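Next comes run.txt, with compact mmCIF, C-alpha atoms and all ligand atoms.
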```
# COMPACT_ATOMS: atom_id res chain seq x y z
CA MET A 1 -12.68 -140.90 -131.25
CA GLN A 2 -13.08 -137.21 -130.46
CA ILE A 3 -15.35 -135.91 -127.70
CA PHE A 4 -16.66 -132.36 -128.02
CA HIS A 5 -18.80 -130.27 -125.69
CA THR A 6 -19.28 -127.05 -127.68
CA VAL A 7 -21.07 -126.11 -130.88
CA SER A 8 -18.02 -124.39 -132.37
CA GLU A 9 -15.82 -127.48 -131.95
CA ILE A 10 -18.27 -129.76 -133.67
CA ARG A 11 -19.05 -127.25 -136.44
CA HIS A 12 -15.35 -126.84 -137.19
CA CYS A 13 -14.79 -130.60 -137.35
CA VAL A 14 -17.84 -131.33 -139.54
CA GLN A 15 -16.93 -128.43 -141.87
CA ASN A 16 -13.49 -130.02 -142.34
CA TRP A 17 -15.11 -133.36 -143.12
CA ASN A 18 -17.53 -131.74 -145.56
CA SER A 19 -14.65 -130.01 -147.34
CA THR A 20 -13.12 -133.42 -148.04
CA CYS A 21 -16.52 -134.78 -149.15
CA GLU A 22 -16.99 -137.06 -146.14
CA ARG A 23 -20.58 -138.14 -145.62
CA VAL A 24 -21.67 -137.66 -142.01
CA ALA A 25 -24.23 -139.87 -140.24
CA PHE A 26 -25.74 -138.77 -136.95
CA VAL A 27 -27.22 -140.83 -134.10
CA PRO A 28 -28.86 -138.66 -131.41
CA THR A 29 -29.17 -140.42 -128.02
CA MET A 30 -29.81 -139.71 -124.37
CA GLY A 31 -26.97 -142.06 -123.42
CA ASN A 32 -27.10 -145.16 -121.21
CA LEU A 33 -26.38 -147.00 -124.40
CA HIS A 34 -27.58 -150.56 -124.97
CA ALA A 35 -27.42 -152.97 -127.90
CA GLY A 36 -30.21 -151.05 -129.66
CA HIS A 37 -28.12 -147.86 -129.76
CA LEU A 38 -25.02 -149.75 -130.88
CA GLN A 39 -27.06 -151.22 -133.73
CA LEU A 40 -27.86 -147.63 -134.81
CA VAL A 41 -24.13 -146.84 -134.85
CA ARG A 42 -23.36 -149.96 -136.90
CA GLU A 43 -26.11 -149.06 -139.35
CA ALA A 44 -24.82 -145.46 -139.48
CA LYS A 45 -21.40 -146.73 -140.56
CA ARG A 46 -23.04 -148.44 -143.54
CA HIS A 47 -24.44 -145.10 -144.73
CA ALA A 48 -21.55 -142.70 -144.16
CA ASN A 49 -17.82 -142.52 -143.59
CA LYS A 50 -18.07 -140.43 -140.44
CA VAL A 51 -20.40 -141.16 -137.52
CA VAL A 52 -21.38 -138.59 -134.89
CA VAL A 53 -23.30 -139.63 -131.75
CA SER A 54 -24.78 -137.10 -129.34
CA ILE A 55 -25.44 -137.88 -125.70
CA PHE A 56 -27.82 -135.37 -124.15
CA VAL A 57 -30.53 -136.06 -121.59
CA ASN A 58 -32.98 -133.49 -122.87
CA PRO A 59 -34.88 -131.86 -120.00
CA MET A 60 -37.48 -130.41 -122.37
CA GLN A 61 -38.93 -133.80 -123.29
CA PHE A 62 -39.58 -134.85 -119.67
CA GLY A 63 -42.79 -133.85 -117.87
CA ILE A 64 -42.59 -132.44 -114.33
CA ASN A 65 -43.42 -135.77 -112.70
CA GLU A 66 -41.20 -137.82 -115.00
CA ASP A 67 -37.76 -139.34 -114.53
CA PHE A 68 -35.42 -136.57 -115.78
CA ALA A 69 -33.38 -136.48 -112.52
CA ALA A 70 -33.29 -140.29 -112.22
CA TYR A 71 -32.56 -140.97 -115.90
CA PRO A 72 -29.35 -143.07 -115.97
CA ARG A 73 -26.24 -141.07 -116.90
CA THR A 74 -23.36 -143.35 -117.90
CA GLU A 75 -21.28 -141.16 -120.24
CA ILE A 76 -17.90 -142.77 -119.52
CA ALA A 77 -19.13 -146.31 -120.24
CA ASP A 78 -21.10 -144.98 -123.23
CA CYS A 79 -17.99 -143.38 -124.76
CA GLU A 80 -16.00 -146.58 -124.24
CA GLN A 81 -18.63 -148.58 -126.12
CA LEU A 82 -18.82 -145.98 -128.89
CA ALA A 83 -15.04 -146.04 -129.35
CA ILE A 84 -15.18 -149.84 -129.74
CA GLU A 85 -17.94 -149.47 -132.36
CA GLY A 86 -15.76 -147.07 -134.37
CA CYS A 87 -17.78 -143.90 -133.74
CA ASP A 88 -15.76 -140.85 -134.90
CA LEU A 89 -17.14 -138.10 -132.70
CA VAL A 90 -19.26 -137.84 -129.56
CA PHE A 91 -21.11 -134.60 -128.86
CA LEU A 92 -21.72 -134.15 -125.13
CA PRO A 93 -23.26 -130.70 -124.71
CA SER A 94 -24.30 -129.10 -121.43
CA ILE A 95 -27.91 -128.02 -120.89
CA GLU A 96 -26.80 -124.36 -121.27
CA THR A 97 -25.19 -125.11 -124.63
CA ILE A 98 -28.46 -126.47 -126.00
CA TYR A 99 -30.83 -124.15 -124.14
CA ALA A 100 -29.30 -120.69 -123.73
CA PRO A 101 -31.12 -118.77 -120.96
CA THR A 102 -32.34 -116.34 -123.65
CA ALA A 103 -33.80 -119.10 -125.89
CA GLN A 104 -37.39 -118.48 -127.01
CA THR A 105 -37.91 -120.88 -129.91
CA LEU A 106 -40.00 -124.02 -129.72
CA VAL A 107 -40.46 -126.55 -132.54
CA SER A 108 -43.87 -128.17 -132.46
CA VAL A 109 -45.14 -130.76 -134.95
CA SER A 110 -48.82 -130.40 -134.29
CA GLN A 111 -50.98 -133.24 -135.53
CA ILE A 112 -48.80 -136.33 -135.40
CA SER A 113 -47.65 -135.39 -131.87
CA LYS A 114 -51.20 -135.28 -130.50
CA ASN A 115 -52.25 -138.85 -129.76
CA TYR A 116 -50.75 -141.88 -128.02
CA CYS A 117 -47.56 -140.85 -126.15
CA GLY A 118 -48.26 -137.21 -127.01
CA ALA A 119 -51.61 -137.35 -125.18
CA ALA A 120 -50.11 -139.00 -122.10
CA ARG A 121 -46.93 -136.90 -122.03
CA ILE A 122 -48.00 -133.33 -122.70
CA GLY A 123 -45.18 -131.34 -124.34
CA HIS A 124 -42.98 -134.43 -124.79
CA PHE A 125 -42.85 -134.31 -128.59
CA ASP A 126 -42.32 -130.53 -128.60
CA GLY A 127 -39.25 -131.25 -126.48
CA VAL A 128 -38.11 -133.99 -128.86
CA ALA A 129 -38.75 -131.91 -132.01
CA THR A 130 -36.99 -128.87 -130.55
CA VAL A 131 -33.86 -130.71 -129.45
CA VAL A 132 -33.62 -132.82 -132.62
CA CYS A 133 -33.95 -129.68 -134.75
CA LYS A 134 -31.20 -127.96 -132.74
CA LEU A 135 -28.94 -131.04 -132.94
CA PHE A 136 -29.53 -131.33 -136.70
CA ASN A 137 -28.55 -127.66 -137.11
CA ILE A 138 -25.43 -128.10 -134.99
CA VAL A 139 -24.20 -131.36 -136.56
CA GLN A 140 -25.56 -130.82 -140.10
CA PRO A 141 -25.48 -134.51 -141.03
CA SER A 142 -26.41 -136.02 -144.38
CA VAL A 143 -28.21 -138.89 -142.70
CA ALA A 144 -29.70 -139.47 -139.23
CA LEU A 145 -30.74 -142.73 -137.64
CA PHE A 146 -33.43 -143.44 -135.05
CA GLY A 147 -34.78 -146.62 -133.48
CA LEU A 148 -38.27 -147.65 -134.54
CA LYS A 149 -39.27 -148.68 -131.01
CA ASP A 150 -40.21 -145.00 -130.66
CA PHE A 151 -42.39 -145.20 -133.76
CA GLN A 152 -44.38 -142.04 -133.06
CA GLN A 153 -41.15 -140.14 -132.37
CA PHE A 154 -39.83 -141.26 -135.76
CA ALA A 155 -43.04 -140.07 -137.43
CA VAL A 156 -42.75 -136.69 -135.67
CA ILE A 157 -39.14 -136.30 -136.86
CA GLN A 158 -40.04 -137.35 -140.42
CA THR A 159 -42.74 -134.68 -140.45
CA LEU A 160 -40.34 -132.07 -139.05
CA VAL A 161 -37.70 -132.85 -141.69
CA ARG A 162 -40.29 -132.70 -144.46
CA ASP A 163 -41.98 -129.50 -143.25
CA LEU A 164 -38.73 -127.60 -142.61
CA HIS A 165 -37.11 -128.84 -145.84
CA LEU A 166 -34.10 -130.16 -143.93
CA PRO A 167 -31.65 -131.86 -146.31
CA ILE A 168 -31.30 -134.94 -144.12
CA GLU A 169 -32.06 -138.54 -145.02
CA LEU A 170 -33.80 -140.33 -142.14
CA ILE A 171 -33.37 -144.01 -141.46
CA GLY A 172 -35.56 -145.94 -139.02
CA VAL A 173 -33.79 -148.97 -137.57
CA PRO A 174 -35.85 -151.99 -136.41
CA THR A 175 -36.22 -152.52 -132.67
CA VAL A 176 -33.54 -154.65 -131.00
CA ARG A 177 -35.04 -157.11 -128.51
CA GLU A 178 -33.84 -159.16 -125.57
CA ALA A 179 -33.89 -162.95 -126.11
CA ASP A 180 -37.37 -163.11 -124.53
CA GLY A 181 -38.77 -160.43 -126.84
CA LEU A 182 -38.70 -157.39 -124.56
CA ALA A 183 -37.77 -154.30 -126.59
CA MET A 184 -34.43 -152.87 -125.44
CA SER A 185 -34.81 -149.60 -123.56
CA SER A 186 -32.79 -147.64 -121.03
CA ARG A 187 -35.92 -147.73 -118.84
CA ASN A 188 -35.83 -151.56 -118.61
CA GLY A 189 -33.20 -151.00 -115.92
CA TYR A 190 -35.93 -149.56 -113.66
CA LEU A 191 -37.84 -152.89 -113.61
CA ASN A 192 -37.59 -155.07 -110.52
CA GLU A 193 -37.05 -158.82 -110.92
CA GLN A 194 -40.72 -159.71 -110.97
CA GLU A 195 -41.60 -156.88 -113.40
CA ARG A 196 -38.74 -157.85 -115.68
CA ALA A 197 -39.97 -161.46 -115.71
CA THR A 198 -43.47 -160.46 -116.88
CA ALA A 199 -42.45 -157.60 -119.23
CA PRO A 200 -42.12 -159.86 -122.34
CA LYS A 201 -45.93 -160.18 -122.21
CA ILE A 202 -46.06 -156.79 -123.98
CA TYR A 203 -44.42 -158.13 -127.14
CA GLN A 204 -46.34 -161.41 -126.90
CA THR A 205 -49.61 -159.44 -126.79
CA LEU A 206 -48.56 -157.40 -129.83
CA GLN A 207 -47.77 -160.62 -131.71
CA GLN A 208 -51.13 -162.14 -130.70
CA ALA A 209 -52.92 -158.97 -131.89
CA ARG A 210 -51.11 -159.16 -135.24
CA ASP A 211 -52.10 -162.83 -135.64
CA ASP A 212 -55.72 -162.10 -134.68
CA LEU A 213 -55.93 -159.25 -137.21
CA LEU A 214 -54.46 -161.47 -139.92
CA ALA A 215 -57.03 -164.13 -138.98
CA GLY A 216 -59.79 -161.59 -139.71
CA GLN A 217 -60.81 -160.38 -136.26
CA THR A 218 -62.03 -156.79 -136.08
CA ILE A 219 -59.70 -154.01 -134.95
CA ALA A 220 -62.01 -153.11 -132.04
CA ASP A 221 -62.11 -156.72 -130.78
CA VAL A 222 -58.36 -157.12 -131.08
CA GLU A 223 -57.66 -153.88 -129.19
CA GLU A 224 -60.17 -154.74 -126.47
CA ARG A 225 -58.77 -158.25 -125.98
CA ALA A 226 -55.17 -157.01 -125.85
CA ILE A 227 -56.01 -154.37 -123.25
CA SER A 228 -57.79 -156.97 -121.15
CA VAL A 229 -54.90 -159.48 -121.40
CA LEU A 230 -52.32 -156.84 -120.44
CA THR A 231 -54.46 -155.52 -117.59
CA GLN A 232 -54.98 -159.05 -116.20
CA SER A 233 -51.22 -159.57 -116.42
CA GLY A 234 -50.67 -156.59 -114.10
CA PHE A 235 -49.94 -153.79 -116.58
CA ASP A 236 -51.61 -150.41 -116.42
CA VAL A 237 -52.40 -149.88 -120.11
CA ASP A 238 -52.09 -146.33 -121.41
CA TYR A 239 -53.07 -147.29 -124.97
CA PHE A 240 -53.14 -150.27 -127.28
CA LYS A 241 -54.10 -149.07 -130.75
CA VAL A 242 -54.02 -150.29 -134.31
CA ALA A 243 -53.08 -147.30 -136.47
CA ARG A 244 -52.33 -146.50 -140.10
CA ARG A 245 -48.57 -146.34 -140.57
CA SER A 246 -48.80 -143.37 -142.93
CA ASP A 247 -50.37 -140.86 -140.54
CA LEU A 248 -50.94 -142.73 -137.25
CA GLN A 249 -54.69 -142.19 -137.48
CA SER A 250 -56.91 -145.03 -136.16
CA ALA A 251 -56.91 -147.83 -138.71
CA MET A 252 -60.04 -148.47 -140.77
CA PRO A 253 -61.12 -152.01 -141.78
CA ASN A 254 -59.69 -151.61 -145.31
CA ASP A 255 -56.33 -150.11 -144.32
CA ASP A 256 -53.47 -152.50 -144.97
CA ALA A 257 -50.22 -150.79 -143.90
CA LEU A 258 -50.64 -150.85 -140.14
CA ILE A 259 -48.72 -150.37 -136.93
CA ILE A 260 -49.90 -151.72 -133.59
CA LEU A 261 -48.79 -149.32 -130.87
CA THR A 262 -48.82 -149.74 -127.13
CA ALA A 263 -47.67 -148.01 -123.96
CA VAL A 264 -48.08 -149.46 -120.48
CA LYS A 265 -47.03 -148.66 -116.95
CA HIS A 266 -45.33 -151.65 -115.34
CA GLY A 267 -44.95 -150.76 -111.68
CA LYS A 268 -43.52 -147.24 -111.91
CA THR A 269 -41.93 -147.77 -115.33
CA ARG A 270 -43.51 -146.63 -118.59
CA LEU A 271 -42.70 -148.98 -121.46
CA ILE A 272 -43.61 -148.64 -125.13
CA ASP A 273 -43.47 -151.07 -128.01
CA ASN A 274 -45.03 -151.59 -131.43
CA LEU A 275 -45.37 -154.12 -134.21
CA ARG A 276 -45.70 -153.51 -137.92
CA LEU A 277 -48.37 -155.36 -139.87
CA ASP A 278 -49.14 -155.54 -143.59
CA ARG A 279 -52.32 -157.33 -144.61
O1 LIG A 301 -34.95 -141.30 -128.58
C1 LIG A 301 -34.20 -140.60 -127.86
O2 LIG A 301 -33.27 -141.09 -127.23
C2 LIG A 301 -34.50 -139.13 -127.70
O3 LIG A 301 -35.86 -138.88 -127.72
C3 LIG A 301 -33.76 -138.26 -128.73
C4 LIG A 301 -34.21 -138.57 -130.14
C5 LIG A 301 -32.27 -138.47 -128.60
C6 LIG A 301 -34.04 -136.78 -128.47
O4 LIG A 301 -33.66 -136.40 -127.20
```
Conversion result in structure tokens:
Amino acid sequence: MQIFHTVSEIRHCVQNWNSTCERVAFVPTMGNLHAGHLQLVREAKRHANKVVVSIFVNPMQFGINEDFAAYPRTEIADCEQLAIEGCDLVFLPSIETIYAPTAQTLVSVSQISKNYCGAARIGHFDGVATVVCKLFNIVQPSVALFGLKDFQQFAVIQTLVRDLHLPIELIGVPTVREADGLAMSSRNGYLNEQERATAPKIYQTLQQARDDLLAGQTIADVEERAISVLTQSGFDVDYFKVARRSDLQSAMPNDDALIILTAVKHGKTRLIDNLRLDR
């Protein structure tokens, strides 16, 4: 497995692969890899003969009071795991490589970035869209894979790829969960013992909401009940919303392709999760 830090190194390598008709899959990450990331790499190998993973903790997607400085950086262990998974190339750029001091360009996907996490984390999706666009231009993959735990992020990137006519196939990979249902996330490591013990309530509440919707309860009642259950269980609920999967607008009674989205603060840790529902 090769490890590169500069744009020219990676360009040169991918150009060589392209000249021998290798298909390149790309998995962008912020490192601190867990089983969810490794699942993305395994899935990537099914879609291409070369797999590139980037590890870059992107300062632009963190707000001023967020955890950029504390975000776990475990590059050596990450690279060891990636080598075992058969990753071909790891891109480990510096902040200056991605954001030259003279940089002026921002990529902003307006509408789909506005609600939910976008409302709570102002500028977050501009940071995600900008770095993903840069990484796509550097790596120039045929296919890119993202976890569906960050459902709104995936929708933002789908919109970006469509609007900018990027010739990249996007694949959303289902959320990998712990045995008790908690969605895997690098931020789970921030939870203390008691918070970790109660965190599975998030997924249980999503499942209950799905069952209640399928049983015919109204969207408003289901959302209200879920917020109350989570609040009583000690979570500070940012949102719990039933949305249309196509555009993430609030679901109407007759909509059938739905996604239930939630974000909560558990102690100091912000956790997100979602559940897909067809009715
Ligand atoms: O999902 C993530 O880890 C990040 O938001 C991403 C897509 C790597 C961009 O920094």
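Shortest separation to Ile95 of chain A among A:Thr231, A:Gln111, A:Thr6, A:Gln194 occurs at residue A:Thr6, atoms counted being only C-alpha atoms.
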Item to complete: Provide the atom CA of Arg121 of chain A to atom C3 of ligand LIG 301 (chain A) distance in Å, to one decimal place.
Response: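 Distance reported for this atom pair: 14.8 Å.
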Worksheet item: Could you list, as an MDAnalysis selection string, all the residues within 10 Å of ligand LIG 301 (chain A), counting all atoms listed in the file?
Response: chainID A and resid 27:33 37 53:62 124:125 127:133 135 145:151 153:154 157 185:186
Worksheet item: Residues at most 9 Å from Pro253 of chain A, counting only C-alpha atoms, excluding those fewer than 2 positions away in the same chain, as a ChimeraX atom specification?
Response: /A:218-219,251,255-256
Discussion item. Between A:Asn49, A:Gln15, A:Thr269, A:Gln2, which residue has the minimum interatomic distance to Leu191 of chain A, considering all atoms listed in the file?
Written reply: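 Comparing A:Asn49, A:Gln15, A:Thr269, A:Gln2 against Leu191 of chain A, the winner is A:Thr269.
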Fill in: From A:Arg23, A:His266, A:Arg279, A:Arg245, residue lying nearest Glu193 of chain A [only C-alpha atoms]
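Among A:Arg23, A:His266, A:Arg279, A:Arg245, it is A:His266 that comes nearest to Glu193 of chain A.
The residue that comes closest to Gln152 of chain A, out of A:Ala77, A:Leu230, A:Met1, A:Ile272 and on the basis of all atoms listed in the file, is A:Ile272.
Point (-49.8, -150.5, -126.6) has the following residues at most 10 Å away: Tyr116, Cys117, Ile202, Tyr203, Thr205, Leu206, Glu223, Ala226, Ile227, Leu230, Val237, Asp238, Tyr239, Phe240, Lys241, Val242, Ile260, Leu261, Thr262, Ala263, Val264, Leu271, Ile272, Asp273, Asn274 and Leu275 of chain A (atoms considered: only C-alpha atoms).
As for atom CA of Lys201 of chain A and atom CA of Arg270 of chain A, they are spaced 14.2 Å apart.
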Quick one: 3 Å padding each side, axis-aligned, all listed atoms of segment 159-172 of chain A - centre and edge lengths in Å to one decimal, as JSON?
```
{"center_x": -37.0, "center_y": -136.8, "center_z": -142.7, "size_x": 17.4, "size_y": 24.3, "size_z": 13.3}
```
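The spacing separating atom CA of Arg42 of chain A from atom CA of Gln81 of chain A amounts to 11.9 Å.
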Worksheet item: Got a sec: who's within 10 Å of Asn137 of chain A, counting only C-alpha atoms, leaving out chain neighbours fewer than 6 positions off, as a PyMOL selection string?
Response: chain A and resi 7+11+131+166
Discussion item. List as a list in words the residues having at least one atom at most 12 Å from position (-27.4, -147.2, -144.4) as given in the file, counting only C-alpha atoms.
Written reply: Arg23, Val24, Ala25, Phe26, Gln39, Leu40, Val41, Arg42, Glu43, Ala44, Lys45, Arg46, His47, Ala48, Asn49, Val51, Ser142, Val143, Ala144, Leu145, Phe146, Glu169, Leu170, Ile171, Gly172 and Val173 of chain A
Discussion item. For a quick check of understanding, using only C-alpha atoms, which of A:Gly36, A:Phe4, A:Leu277, A:Gln232 has the smallest distance to Leu182 of chain A?
Written reply: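 Once distances to Leu182 of chain A are computed over only C-alpha atoms, the minimum belongs to A:Gly36.
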